[in-house]
file start-v4.pdb (PDB, C-alpha atoms)
ATOM      1  CA  MET A   1       0.000   0.000   0.000
ATOM      2  CA  ALA A   2       1.255   3.462  -0.873
ATOM      3  CA  PRO A   3       2.211   5.643   2.120
ATOM      4  CA  ALA A   4      -0.408   8.133   3.261
ATOM      5  CA  ALA A   5      -0.082  11.536   1.679
ATOM      6  CA  LYS A   6       1.224  14.197   4.038
ATOM      7  CA  PRO A   7      -1.559  16.538   5.189
ATOM      8  CA  HIS A   8      -1.515  20.058   3.796
ATOM      9  CA  ARG A   9      -0.112  22.280   6.550
ATOM     10  CA  VAL A  10      -2.098  25.406   7.424
ATOM     11  CA  VAL A  11      -0.347  27.867   9.739
ATOM     12  CA  ILE A  12      -2.426  30.636  11.326
ATOM     13  CA  LEU A  13      -0.617  33.819  12.318
ATOM     14  CA  ALA A  14      -2.110  35.060  15.594
ATOM     15  CA  LEU A  15      -1.483  38.777  16.141
ATOM     16  CA  ALA A  16      -2.195  40.840  19.251
ATOM     17  CA  GLY A  17      -5.794  42.034  19.339
ATOM     18  CA  LEU A  18      -7.057  39.085  17.314
ATOM     19  CA  LEU A  19     -10.692  38.027  17.268
ATOM     20  CA  PRO A  20     -11.003  34.562  18.873
ATOM     21  CA  PHE A  21     -13.927  33.632  16.622
ATOM     22  CA  GLU A  22     -11.897  34.256  13.467
ATOM     23  CA  LEU A  23      -8.915  32.373  14.872
ATOM     24  CA  GLY A  24     -11.164  29.359  15.352
ATOM     25  CA  ILE A  25     -12.647  29.359  11.842
ATOM     26  CA  PRO A  26      -9.756  27.681   9.980
ATOM     27  CA  HIS A  27      -9.253  25.219  12.837
ATOM     28  CA  ARG A  28     -12.868  24.077  12.596
ATOM     29  CA  ILE A  29     -13.348  24.049   8.828
ATOM     30  CA  PHE A  30      -9.993  22.566   7.824
ATOM     31  CA  GLY A  31     -10.072  20.261  10.840
ATOM     32  CA  TYR A  32     -13.302  18.634   9.656
ATOM     33  CA  ALA A  33     -12.017  18.044   6.108
ATOM     34  CA  LYS A  34     -11.290  14.335   5.795
ATOM     35  CA  SER A  35     -10.700  11.800   3.029
ATOM     36  CA  PRO A  36     -13.289   9.068   2.345
ATOM     37  CA  GLY A  37     -11.153   6.818   4.536
ATOM     38  CA  GLY A  38     -11.287   9.273   7.442
ATOM     39  CA  ARG A  39      -7.763  10.674   7.087
ATOM     40  CA  ARG A  40      -7.333  14.333   8.027
ATOM     41  CA  LEU A  41      -6.493  16.336   4.916
ATOM     42  CA  TYR A  42      -5.068  19.364   6.723
ATOM     43  CA  GLU A  43      -2.728  19.887   9.644
ATOM     44  CA  ILE A  44      -3.579  23.165  11.397
ATOM     45  CA  LEU A  45      -1.055  24.956  13.605
ATOM     46  CA  THR A  46      -0.917  28.430  15.151
ATOM     47  CA  CYS A  47       2.035  30.733  15.613
ATOM     48  CA  GLY A  48       2.625  34.260  16.894
ATOM     49  CA  LEU A  49       5.318  36.858  16.494
ATOM     50  CA  ALA A  50       6.793  35.015  19.471
ATOM     51  CA  ALA A  51       5.759  31.910  21.361
ATOM     52  CA  GLY A  52       3.687  32.710  24.437
ATOM     53  CA  PRO A  53       0.532  34.676  25.320
ATOM     54  CA  VAL A  54      -1.283  36.682  22.633
ATOM     55  CA  ARG A  55      -3.891  39.297  23.569
ATOM     56  CA  THR A  56      -7.341  39.017  22.036
ATOM     57  CA  ASP A  57     -10.134  41.569  21.718
ATOM     58  CA  ALA A  58     -11.969  39.642  24.463
ATOM     59  CA  ASP A  59     -11.215  39.475  28.201
ATOM     60  CA  PHE A  60      -8.708  36.652  27.815
ATOM     61  CA  ALA A  61      -5.434  35.882  26.076
ATOM     62  CA  ILE A  62      -4.446  32.712  24.249
ATOM     63  CA  HIS A  63      -1.158  30.840  24.626
ATOM     64  CA  VAL A  64       0.613  30.129  21.337
ATOM     65  CA  GLU A  65       3.162  27.316  21.320
ATOM     66  CA  HIS A  66       5.077  28.383  18.199
ATOM     67  CA  GLY A  67       6.990  31.432  17.073
ATOM     68  CA  PRO A  68       7.135  32.876  13.529
ATOM     69  CA  GLU A  69       9.684  30.359  12.286
ATOM     70  CA  LEU A  70       6.740  27.954  11.900
ATOM     71  CA  LEU A  71       5.635  30.029   8.889
ATOM     72  CA  ALA A  72       8.541  28.561   6.912
ATOM     73  CA  THR A  73       6.864  25.125   7.081
ATOM     74  CA  ALA A  74       3.423  26.258   5.881
ATOM     75  CA  ASP A  75       1.672  25.238   2.676
ATOM     76  CA  THR A  76      -1.021  27.831   3.461
ATOM     77  CA  VAL A  77      -0.750  30.837   5.795
ATOM     78  CA  VAL A  78      -3.936  32.357   7.244
ATOM     79  CA  VAL A  79      -3.981  35.855   8.781
ATOM     80  CA  PRO A  80      -7.174  36.501  10.790
ATOM     81  CA  ALA A  81      -8.368  39.970  11.785
ATOM     82  CA  SER A  82      -6.800  41.969  14.597
ATOM     83  CA  TYR A  83      -7.866  45.192  16.320
ATOM     84  CA  GLU A  84      -4.283  46.125  17.198
ATOM     85  CA  LEU A  85      -2.544  46.403  13.830
ATOM     86  CA  GLY A  86      -1.053  49.797  14.656
ATOM     87  CA  PRO A  87       1.098  51.149  11.780
ATOM     88  CA  VAL A  88      -0.293  48.466   9.459
ATOM     89  CA  TYR A  89      -3.826  49.884   9.758
ATOM     90  CA  GLU A  90      -2.865  53.531  10.256
ATOM     91  CA  GLU A  91      -0.011  53.942   7.767
ATOM     92  CA  GLY A  92      -0.011  50.816   5.608
ATOM     93  CA  ARG A  93       3.430  49.705   6.745
ATOM     94  CA  LEU A  94       4.663  46.630   8.568
ATOM     95  CA  THR A  95       6.334  46.765  11.949
ATOM     96  CA  ALA A  96       9.856  45.349  12.072
ATOM     97  CA  GLY A  97       8.628  42.302  13.984
ATOM     98  CA  LEU A  98       5.838  41.567  11.560
ATOM     99  CA  ALA A  99       8.103  42.048   8.532
ATOM    100  CA  ALA A 100      10.631  39.643  10.044
ATOM    101  CA  ALA A 101       7.890  37.094  10.680
ATOM    102  CA  LEU A 102       6.516  37.254   7.134
ATOM    103  CA  ALA A 103      10.032  36.857   5.738
ATOM    104  CA  HIS A 104       9.869  33.230   6.884
ATOM    105  CA  ILE A 105       7.130  32.454   4.343
ATOM    106  CA  ARG A 106       8.426  30.447   1.402
ATOM    107  CA  PRO A 107       7.739  31.571  -2.195
ATOM    108  CA  GLY A 108       4.658  29.831  -3.571
ATOM    109  CA  THR A 109       2.947  29.491  -0.192
ATOM    110  CA  ARG A 110      -0.798  30.105  -0.433
ATOM    111  CA  LEU A 111      -1.818  33.243   1.489
ATOM    112  CA  VAL A 112      -5.260  33.775   3.021
ATOM    113  CA  SER A 113      -6.700  36.670   5.024
ATOM    114  CA  ILE A 114      -9.910  36.963   6.994
ATOM    115  CA  CYS A 115     -11.478  40.404   7.406
ATOM    116  CA  THR A 116      -8.884  43.059   8.315
ATOM    117  CA  GLY A 117      -6.141  40.453   8.163
ATOM    118  CA  GLY A 118      -5.995  41.647   4.550
ATOM    119  CA  TYR A 119      -4.229  44.801   5.785
ATOM    120  CA  VAL A 120      -1.237  42.651   6.699
ATOM    121  CA  LEU A 121      -1.055  41.037   3.263
ATOM    122  CA  ALA A 122      -1.489  44.427   1.580
ATOM    123  CA  ALA A 123       1.180  46.136   3.704
ATOM    124  CA  ALA A 124       3.566  43.334   2.768
ATOM    125  CA  GLY A 125       2.896  43.947  -0.941
ATOM    126  CA  TYR A 126       1.231  40.589  -1.551
ATOM    127  CA  LEU A 127      -1.967  42.200  -2.841
ATOM    128  CA  ASP A 128      -0.474  44.751  -5.251
ATOM    129  CA  GLY A 129      -2.304  44.537  -8.564
ATOM    130  CA  ARG A 130      -4.579  41.787  -7.255
ATOM    131  CA  PRO A 131      -8.289  41.649  -6.396
ATOM    132  CA  ALA A 132      -9.014  41.688  -2.666
ATOM    133  CA  THR A 133     -11.742  42.404  -0.176
ATOM    134  CA  THR A 134     -12.143  43.102   3.520
ATOM    135  CA  HIS A 135     -14.973  43.988   5.880
ATOM    136  CA  TRP A 136     -17.328  46.397   4.109
ATOM    137  CA  ALA A 137     -16.927  48.975   6.884
ATOM    138  CA  SER A 138     -13.152  49.126   6.242
ATOM    139  CA  ALA A 139     -13.179  48.824   2.447
ATOM    140  CA  GLU A 140     -12.967  52.539   1.639
ATOM    141  CA  HIS A 141     -10.105  53.075   4.119
ATOM    142  CA  PHE A 142      -8.382  49.943   2.805
ATOM    143  CA  GLN A 143      -8.501  51.252  -0.767
ATOM    144  CA  ARG A 144      -7.163  54.688   0.219
ATOM    145  CA  LEU A 145      -4.297  53.140   2.156
ATOM    146  CA  PHE A 146      -3.401  50.617  -0.561
ATOM    147  CA  PRO A 147      -4.219  52.177  -3.964
ATOM    148  CA  ALA A 148      -2.367  49.408  -5.833
ATOM    149  CA  VAL A 149      -4.886  46.822  -4.595
ATOM    150  CA  ARG A 150      -8.031  46.167  -6.666
ATOM    151  CA  VAL A 151     -10.495  46.321  -3.784
ATOM    152  CA  ASP A 152     -13.978  44.871  -4.274
ATOM    153  CA  PRO A 153     -16.037  46.043  -1.286
ATOM    154  CA  ASP A 154     -19.143  44.045  -2.140
ATOM    155  CA  VAL A 155     -18.065  40.399  -2.304
ATOM    156  CA  LEU A 156     -17.745  37.747   0.399
ATOM    157  CA  TYR A 157     -14.298  36.647  -0.732
ATOM    158  CA  THR A 158     -11.819  36.787  -3.592
ATOM    159  CA  ASP A 159      -9.735  33.977  -5.053
ATOM    160  CA  ASP A 160      -6.692  34.963  -7.090
ATOM    161  CA  GLY A 161      -5.064  31.556  -7.086
ATOM    162  CA  ASP A 162      -2.350  31.674  -4.448
ATOM    163  CA  VAL A 163      -3.776  34.713  -2.645
ATOM    164  CA  LEU A 164      -7.300  34.728  -1.202
ATOM    165  CA  THR A 165      -9.071  37.305   0.950
ATOM    166  CA  SER A 166     -12.426  37.441   2.719
ATOM    167  CA  ALA A 167     -14.802  39.958   4.213
ATOM    168  CA  GLY A 168     -15.619  39.950   7.907
ATOM    169  CA  VAL A 169     -16.327  37.137  10.331
ATOM    170  CA  ALA A 170     -18.741  34.633   8.729
ATOM    171  CA  ALA A 171     -17.257  35.289   5.282
ATOM    172  CA  GLY A 172     -14.125  33.637   6.640
ATOM    173  CA  VAL A 173     -16.164  30.443   6.992
ATOM    174  CA  ASP A 174     -17.266  30.771   3.360
ATOM    175  CA  LEU A 175     -13.674  31.279   2.199
ATOM    176  CA  CYS A 176     -12.301  28.309   4.141
ATOM    177  CA  LEU A 177     -15.067  26.083   2.746
ATOM    178  CA  HIS A 178     -14.262  27.418  -0.731
ATOM    179  CA  ILE A 179     -10.615  26.427  -0.250
ATOM    180  CA  VAL A 180     -11.583  22.921   0.891
ATOM    181  CA  ARG A 181     -13.917  22.639  -2.107
ATOM    182  CA  ARG A 182     -11.159  23.823  -4.447
ATOM    183  CA  ASP A 183      -8.629  21.410  -2.939
ATOM    184  CA  HIS A 184     -10.763  18.318  -2.444
ATOM    185  CA  GLY A 185     -14.170  18.792  -4.075
ATOM    186  CA  ALA A 186     -17.724  19.533  -3.035
ATOM    187  CA  ALA A 187     -18.332  16.284  -1.125
ATOM    188  CA  VAL A 188     -15.509  16.920   1.358
ATOM    189  CA  ALA A 189     -16.451  20.598   1.747
ATOM    190  CA  ASN A 190     -20.132  19.791   2.219
ATOM    191  CA  GLU A 191     -19.336  17.288   4.957
ATOM    192  CA  ALA A 192     -17.152  19.859   6.738
ATOM    193  CA  ALA A 193     -20.021  22.349   6.480
ATOM    194  CA  ARG A 194     -22.508  19.790   7.795
ATOM    195  CA  ARG A 195     -20.294  19.029  10.791
ATOM    196  CA  THR A 196     -19.963  22.746  11.486
ATOM    197  CA  VAL A 197     -23.711  23.350  10.908
ATOM    198  CA  VAL A 198     -23.205  26.122   8.342
ATOM    199  CA  PRO A 199     -24.434  26.530   4.751
ATOM    200  CA  PRO A 200     -22.214  24.439   2.442
ATOM    201  CA  HIS A 201     -21.688  27.110  -0.172
ATOM    202  CA  ARG A 202     -22.069  30.837  -0.629
ATOM    203  CA  ASP A 203     -20.507  32.095  -3.813
ATOM    204  CA  GLY A 204     -17.682  34.606  -3.389
ATOM    205  CA  GLY A 205     -19.445  37.112  -5.629
ATOM    206  CA  GLN A 206     -22.462  37.290  -3.337
ATOM    207  CA  ALA A 207     -22.924  40.670  -1.676
ATOM    208  CA  GLN A 208     -21.463  40.849   1.835
ATOM    209  CA  PHE A 209     -23.901  43.532   2.948
ATOM    210  CA  VAL A 210     -27.568  43.413   1.975
ATOM    211  CA  SER A 211     -30.247  45.875   3.009
ATOM    212  CA  ARG A 212     -32.375  43.324   4.861
ATOM    213  CA  PRO A 213     -30.228  40.345   5.973
ATOM    214  CA  VAL A 214     -33.031  39.261   8.336
ATOM    215  CA  PRO A 215     -36.659  39.450   7.152
ATOM    216  CA  GLU A 216     -38.669  42.107   8.922
ATOM    217  CA  PRO A 217     -41.234  40.813  11.429
ATOM    218  CA  GLN A 218     -44.573  39.827   9.953
ATOM    219  CA  ARG A 219     -43.184  39.924   6.414
ATOM    220  CA  SER A 220     -42.828  36.821   4.243
ATOM    221  CA  SER A 221     -39.328  35.706   3.346
ATOM    222  CA  THR A 222     -38.280  33.731   0.277
ATOM    223  CA  ALA A 223     -36.898  30.764   2.222
ATOM    224  CA  ALA A 224     -39.758  28.444   1.255
ATOM    225  CA  ALA A 225     -39.214  29.171  -2.425
ATOM    226  CA  ARG A 226     -35.508  28.414  -2.118
ATOM    227  CA  ALA A 227     -36.238  25.093  -0.435
ATOM    228  CA  TRP A 228     -38.779  24.306  -3.155
ATOM    229  CA  VAL A 229     -36.175  25.027  -5.838
ATOM    230  CA  LEU A 230     -33.547  22.738  -4.322
ATOM    231  CA  ASP A 231     -35.874  19.757  -4.775
ATOM    232  CA  ARG A 232     -36.501  20.663  -8.431
ATOM    233  CA  LEU A 233     -33.189  21.814  -9.890
ATOM    234  CA  HIS A 234     -33.640  19.354 -12.764
ATOM    235  CA  GLU A 235     -36.921  21.017 -13.791
ATOM    236  CA  PRO A 236     -37.635  24.323 -15.565
ATOM    237  CA  LEU A 237     -37.987  26.986 -12.879
ATOM    238  CA  PRO A 238     -39.843  30.033 -14.180
ATOM    239  CA  LEU A 239     -39.780  33.007 -11.860
ATOM    240  CA  SER A 240     -43.569  33.029 -11.684
ATOM    241  CA  ASP A 241     -43.531  29.561 -10.070
ATOM    242  CA  LEU A 242     -41.059  30.719  -7.406
ATOM    243  CA  ALA A 243     -43.140  33.800  -6.637
ATOM    244  CA  ARG A 244     -46.236  31.613  -6.347
ATOM    245  CA  GLN A 245     -44.609  29.626  -3.511
ATOM    246  CA  GLU A 246     -44.569  32.805  -1.430
ATOM    247  CA  ALA A 247     -47.901  34.185  -2.723
ATOM    248  CA  MET A 248     -46.114  37.264  -4.088
ATOM    249  CA  SER A 249     -46.070  39.049  -7.380
ATOM    250  CA  VAL A 250     -42.983  38.402  -9.494
ATOM    251  CA  ARG A 251     -41.819  41.970  -8.953
ATOM    252  CA  THR A 252     -42.172  41.811  -5.174
ATOM    253  CA  PHE A 253     -40.597  38.368  -5.007
ATOM    254  CA  THR A 254     -37.591  39.429  -7.092
ATOM    255  CA  ARG A 255     -37.005  42.501  -4.939
ATOM    256  CA  ARG A 256     -37.388  40.552  -1.687
ATOM    257  CA  PHE A 257     -35.144  37.735  -2.918
ATOM    258  CA  ARG A 258     -32.296  40.128  -3.714
ATOM    259  CA  GLN A 259     -32.737  41.911  -0.385
ATOM    260  CA  GLU A 260     -32.428  38.644   1.496
ATOM    261  CA  SER A 261     -29.750  36.846  -0.531
ATOM    262  CA  GLY A 262     -27.780  39.612  -2.225
ATOM    263  CA  VAL A 263     -28.240  38.087  -5.688
ATOM    264  CA  SER A 264     -31.068  37.707  -8.199
ATOM    265  CA  PRO A 265     -33.166  34.507  -8.260
ATOM    266  CA  GLY A 266     -31.613  33.526 -11.593
ATOM    267  CA  GLU A 267     -28.055  33.952 -10.310
ATOM    268  CA  TRP A 268     -28.862  31.945  -7.197
ATOM    269  CA  ILE A 269     -30.443  29.100  -9.148
ATOM    270  CA  THR A 270     -27.473  28.915 -11.527
ATOM    271  CA  GLY A 271     -25.115  28.712  -8.557
ATOM    272  CA  GLN A 272     -27.136  25.870  -7.026
ATOM    273  CA  ARG A 273     -27.170  24.013 -10.335
ATOM    274  CA  VAL A 274     -23.385  24.312 -10.662
ATOM    275  CA  GLU A 275     -23.048  22.968  -7.127
ATOM    276  CA  ARG A 276     -25.319  20.029  -8.014
ATOM    277  CA  ALA A 277     -23.254  19.378 -11.146
ATOM    278  CA  ARG A 278     -20.065  19.362  -9.072
ATOM    279  CA  GLN A 279     -21.474  16.690  -6.790
ATOM    280  CA  LEU A 280     -22.570  14.530  -9.713
ATOM    281  CA  LEU A 281     -19.204  14.891 -11.443
ATOM    282  CA  GLU A 282     -17.377  13.890  -8.271
ATOM    283  CA  ARG A 283     -19.624  11.047  -7.101
ATOM    284  CA  THR A 284     -21.062   9.420 -10.231
ATOM    285  CA  GLU A 285     -20.053   8.110 -13.634
ATOM    286  CA  LEU A 286     -23.093   9.646 -15.337
ATOM    287  CA  PRO A 287     -22.409  10.827 -18.905
ATOM    288  CA  MET A 288     -22.300  14.579 -19.390
ATOM    289  CA  GLU A 289     -25.759  14.740 -20.962
ATOM    290  CA  ALA A 290     -27.224  13.036 -17.881
ATOM    291  CA  VAL A 291     -25.321  15.328 -15.508
ATOM    292  CA  ALA A 292     -26.654  18.304 -17.463
ATOM    293  CA  ARG A 293     -30.240  17.056 -17.164
ATOM    294  CA  GLU A 294     -29.985  16.223 -13.455
ATOM    295  CA  ALA A 295     -28.439  19.611 -12.641
ATOM    296  CA  GLY A 296     -31.027  21.485 -14.693
ATOM    297  CA  PHE A 297     -28.787  22.736 -17.499
ATOM    298  CA  GLY A 298     -30.553  20.679 -20.159
ATOM    299  CA  THR A 299     -27.645  20.061 -22.508
ATOM    300  CA  ALA A 300     -23.981  19.162 -22.168
ATOM    301  CA  GLN A 301     -23.125  22.376 -23.986
ATOM    302  CA  SER A 302     -24.982  24.476 -21.405
ATOM    303  CA  LEU A 303     -23.382  22.485 -18.585
ATOM    304  CA  ARG A 304     -19.927  23.092 -20.041
ATOM    305  CA  LYS A 305     -20.579  26.817 -20.404
ATOM    306  CA  HIS A 306     -21.690  27.338 -16.795
ATOM    307  CA  VAL A 307     -19.147  25.026 -15.165
ATOM    308  CA  GLN A 308     -16.338  26.639 -17.147
ATOM    309  CA  ALA A 309     -17.540  30.113 -16.133
ATOM    310  CA  VAL A 310     -17.675  29.272 -12.413
ATOM    311  CA  LEU A 311     -14.857  26.752 -11.979
ATOM    312  CA  GLY A 312     -12.510  27.769 -14.769
ATOM    313  CA  VAL A 313     -12.281  24.212 -16.133
ATOM    314  CA  SER A 314     -14.484  21.965 -18.249
ATOM    315  CA  PRO A 315     -16.758  19.385 -16.575
ATOM    316  CA  THR A 316     -14.564  16.599 -17.973
ATOM    317  CA  ALA A 317     -11.404  18.135 -16.516
ATOM    318  CA  TYR A 318     -13.127  18.729 -13.179
ATOM    319  CA  ARG A 319     -14.276  15.113 -12.958
ATOM    320  CA  ARG A 320     -10.844  13.809 -13.924
ATOM    321  CA  THR A 321      -9.111  15.917 -11.262
ATOM    322  CA  PHE A 322     -11.344  14.992  -8.355
ATOM    323  CA  ARG A 323     -11.867  11.369  -9.286
ATOM    324  CA  ALA A 324      -8.081  10.975  -9.293
ATOM    325  CA  ALA A 325      -7.756  12.817  -5.992
ATOM    326  CA  GLY A 326     -10.510  10.719  -4.460
ATOM    327  CA  ALA A 327      -8.874   7.454  -5.556
ATOM    328  CA  GLU A 328      -5.554   8.550  -4.057
ATOM    329  CA  ALA A 329      -7.198   9.574  -0.759
ATOM    330  CA  ALA A 330      -9.193   6.349  -0.528
ATOM    331  CA  GLY A 331      -6.061   4.274  -0.998
ATOM    332  CA  SER A 332      -4.079   6.130   1.634
TER     333      SER A 332
END

call {"tool": "encode", "arguments": {"input": "start-v4.pdb", "output": "structure tokens"}}
result
Amino acid sequence: MAPAAKPHRVVILALAGLLPFELGIPHRIFGYAKSPGGRRLYEILTCGLAAGPVRTDADFAIHVEHGPELLATADTVVVPASYELGPVYEEGRLTAGLAAALAHIRPGTRLVSICTGGYVLAAAGYLDGRPATTHWASAEHFQRLFPAVRVDPDVLYTDDGDVLTSAGVAAGVDLCLHIVRRDHGAAVANEAARRTVVPPHRDGGQAQFVSRPVPEPQRSSTAAARAWVLDRLHEPLPLSDLARQEAMSVRTFTRRFRQESGVSPGEWITGQRVERARQLLERTELPMEAVAREAGFGTAQSLRKHVQAVLGVSPTAYRRTFRAAGAEAAGS
């Protein structure tokens, strides 16, 4: 039997003033990602600018076992938010200690930020010329401080290959699940989401701030229509049928749907159909025409168009990649 593949090492850089919730996100999401045989796919470790206690924004500190030299061993580095970034937040420059710590990171290491952790990546020059996001309340300041960064204030997260950034708090969950999905496929990511009791997928392009994130009291939401859709992705789904589930006019339903989800009904349905196609490509040997029908795209050509647009690869290439990865993981 071939030796088990070495888990992908994720190192989290804990800075003074960090938010404990955001520190825990990568530990939980990556920690629940396992192969079909139950092998952990990620090793998650935490370091600070020095080993020892690190202040948080709460009424307690955490004790970090490792110093910054651990960053040299990372395959992925995650920088969560901190409320004590000092010159990084105020002037866009690294402190000597932080610069020395980041110098340990090897070229080619994947870099990830959660919320205002993006200020650290930007101050280090990692985001120059790249798309990035941060918490919507800091986006304008972030852009002024780092004009070379292509800031998108509206999205949940950005993925530029080896550099990924997220908006605040819960968007860090979405980004970590996106990374697991990108690395190991929808089935592994969905199981990690199920164990964490969070939605399995919110697209990065979804708005991070919507006008009515919680339906107003005594007003109908569109949740029932969304649940109805998920059972019928393989069927035609005219907007009038969705509106009928909530006893609304099409115009009212469309407005309410965007207020609650941040995207149009059509965009949301397409995203759910791509997610269904991913699962079928990973878990079944169905021919492309059958995958297209089951996911609601109708034809293999339509399936190819939408999968290519979202995933950047053809359905055939996606299946080949994750079937191979799954076989390797199962044999380990």

call {"tool": "atom_distance", "arguments": {"input": "start-v4.pdb", "atom1": "atom CA of A:Asp59", "atom2": "atom CA of A:Glu84"}}
result
14.6 Å

call {"tool": "atom_distance", "arguments": {"input": "start-v4.pdb", "atom1": "atom CA of A:Arg251", "atom2": "atom CA of A:Thr222"}}
result
12.9 Å

call {"tool": "atom_distance", "arguments": {"input": "start-v4.pdb", "atom1": "atom CA of A:Leu23", "atom2": "atom CA of A:Pro80"}}
result
6.1 Å

call {"tool": "axis_aligned_box", "arguments": {"input": "start-v4.pdb", "around": "stretch 145-162 of chain A", "padding_each_side": "3 Å", "output": "JSON"}}
result
{"center_x": -10.7, "center_y": 42.3, "center_z": -2.5, "size_x": 22.8, "size_y": 27.6, "size_z": 15.2}

call {"tool": "closest_residue", "arguments": {"input": "start-v4.pdb", "among": "A:Leu18, A:Ala277, A:Leu242, A:Ala290", "to": "A:Arg319", "atoms": "only C-alpha atoms"}}
result
A:Ala277

call {"tool": "closest_residue", "arguments": {"input": "start-v4.pdb", "among": "A:Pro36, A:Pro265, A:Gly17, A:Pro53", "to": "A:His184", "atoms": "all atoms listed in the file"}}
result
A:Pro36

call {"tool": "closest_residue", "arguments": {"input": "start-v4.pdb", "among": "A:Arg28, A:Ala16, A:Arg283, A:Arg106", "to": "A:Val197", "atoms": "only C-alpha atoms"}}
result
A:Arg28

call {"tool": "closest_atom_pairs", "arguments": {"input": "start-v4.pdb", "of": "stretch 122-212 of chain A", "to": "stretch 100-104 of chain A", "cutoff": "12 Å", "atoms": "all atoms listed in the file", "output": "JSON lines"}}
result
{"residue": "A:Ala123", "atom": "CA", "partner": "A:Leu102", "partner_atom": "CA", "distance": 10.9}
{"residue": "A:Ala124", "atom": "CA", "partner": "A:Leu102", "partner_atom": "CA", "distance": 8.0}
{"residue": "A:Gly125", "atom": "CA", "partner": "A:Leu102", "partner_atom": "CA", "distance": 11.1}
{"residue": "A:Tyr126", "atom": "CA", "partner": "A:Leu102", "partner_atom": "CA", "distance": 10.7}

call {"tool": "resolve_selection", "arguments": {"input": "start-v4.pdb", "expression": "the PyMOL selection byres ((chain A and resi 65-77) around 10)", "output": "PyMOL selection string"}}
result
chain A and resi 7-14+42-53+62-64+78-80+97-98+100-113+162-163

call {"tool": "residues_around", "arguments": {"input": "start-v4.pdb", "residues": "A:Ser138", "least_positions_apart": "4", "cutoff": "8 Å", "atoms": "all atoms listed in the file", "output": "ChimeraX atom specification"}}
result
/A:116,134,142

call {"tool": "resolve_selection", "arguments": {"input": "start-v4.pdb", "expression": "the PyMOL selection byres ((chain A and resi 266) around 12)", "output": "MDAnalysis selection string"}}
result
chainID A and resid 226 229 233 236:240 242 254 257:258 261:265 267:273

call {"tool": "resolve_selection", "arguments": {"input": "start-v4.pdb", "expression": "the PyMOL selection byres ((chain A and resi 164-170) around 6)", "output": "list in words"}}
result
Val112, Ser113, Ile114, Cys115, Ala132, Thr133, Thr134, His135, Leu156, Tyr157, Thr158, Asp159, Asp160, Val163, Ala171, Gly172 and Val173 of chain A

call {"tool": "write_last_selection", "arguments": {"input": "start-v4.pdb", "atoms": "C-alpha atoms", "output": "JSON list (two decimals), in the frame of the given file"}}
result
[["chain", "number", "residue", "atom", "x", "y", "z"],
["A", 112, "VAL", "CA", -5.26, 33.78, 3.02],
["A", 113, "SER", "CA", -6.70, 36.67, 5.02],
["A", 114, "ILE", "CA", -9.91, 36.96, 6.99],
["A", 115, "CYS", "CA", -11.48, 40.40, 7.41],
["A", 132, "ALA", "CA", -9.01, 41.69, -2.67],
["A", 133, "THR", "CA", -11.74, 42.40, -0.18],
["A", 134, "THR", "CA", -12.14, 43.10, 3.52],
["A", 135, "HIS", "CA", -14.97, 43.99, 5.88],
["A", 156, "LEU", "CA", -17.74, 37.75, 0.40],
["A", 157, "TYR", "CA", -14.30, 36.65, -0.73],
["A", 158, "THR", "CA", -11.82, 36.79, -3.59],
["A", 159, "ASP", "CA", -9.74, 33.98, -5.05],
["A", 160, "ASP", "CA", -6.69, 34.96, -7.09],
["A", 163, "VAL", "CA", -3.78, 34.71, -2.64],
["A", 171, "ALA", "CA", -17.26, 35.29, 5.28],
["A", 172, "GLY", "CA", -14.12, 33.64, 6.64],
["A", 173, "VAL", "CA", -16.16, 30.44, 6.99]]

call {"tool": "closest_residue", "arguments": {"input": "start-v4.pdb", "among": "A:Ile29, A:Phe146, A:Tyr318, A:Lys6", "to": "A:Asp174", "atoms": "all atoms listed in the file"}}
result
A:Ile29

call {"tool": "closest_residue", "arguments": {"input": "start-v4.pdb", "among": "A:Leu15, A:Val149, A:Ala193, A:Ile179", "to": "A:Tyr32", "atoms": "only C-alpha atoms"}}
result
A:Ala193

call {"tool": "closest_residue", "arguments": {"input": "start-v4.pdb", "among": "A:Ala189, A:Gly86, A:Val310, A:Met288", "to": "A:Ser35", "atoms": "all atoms listed in the file"}}
result
A:Ala189
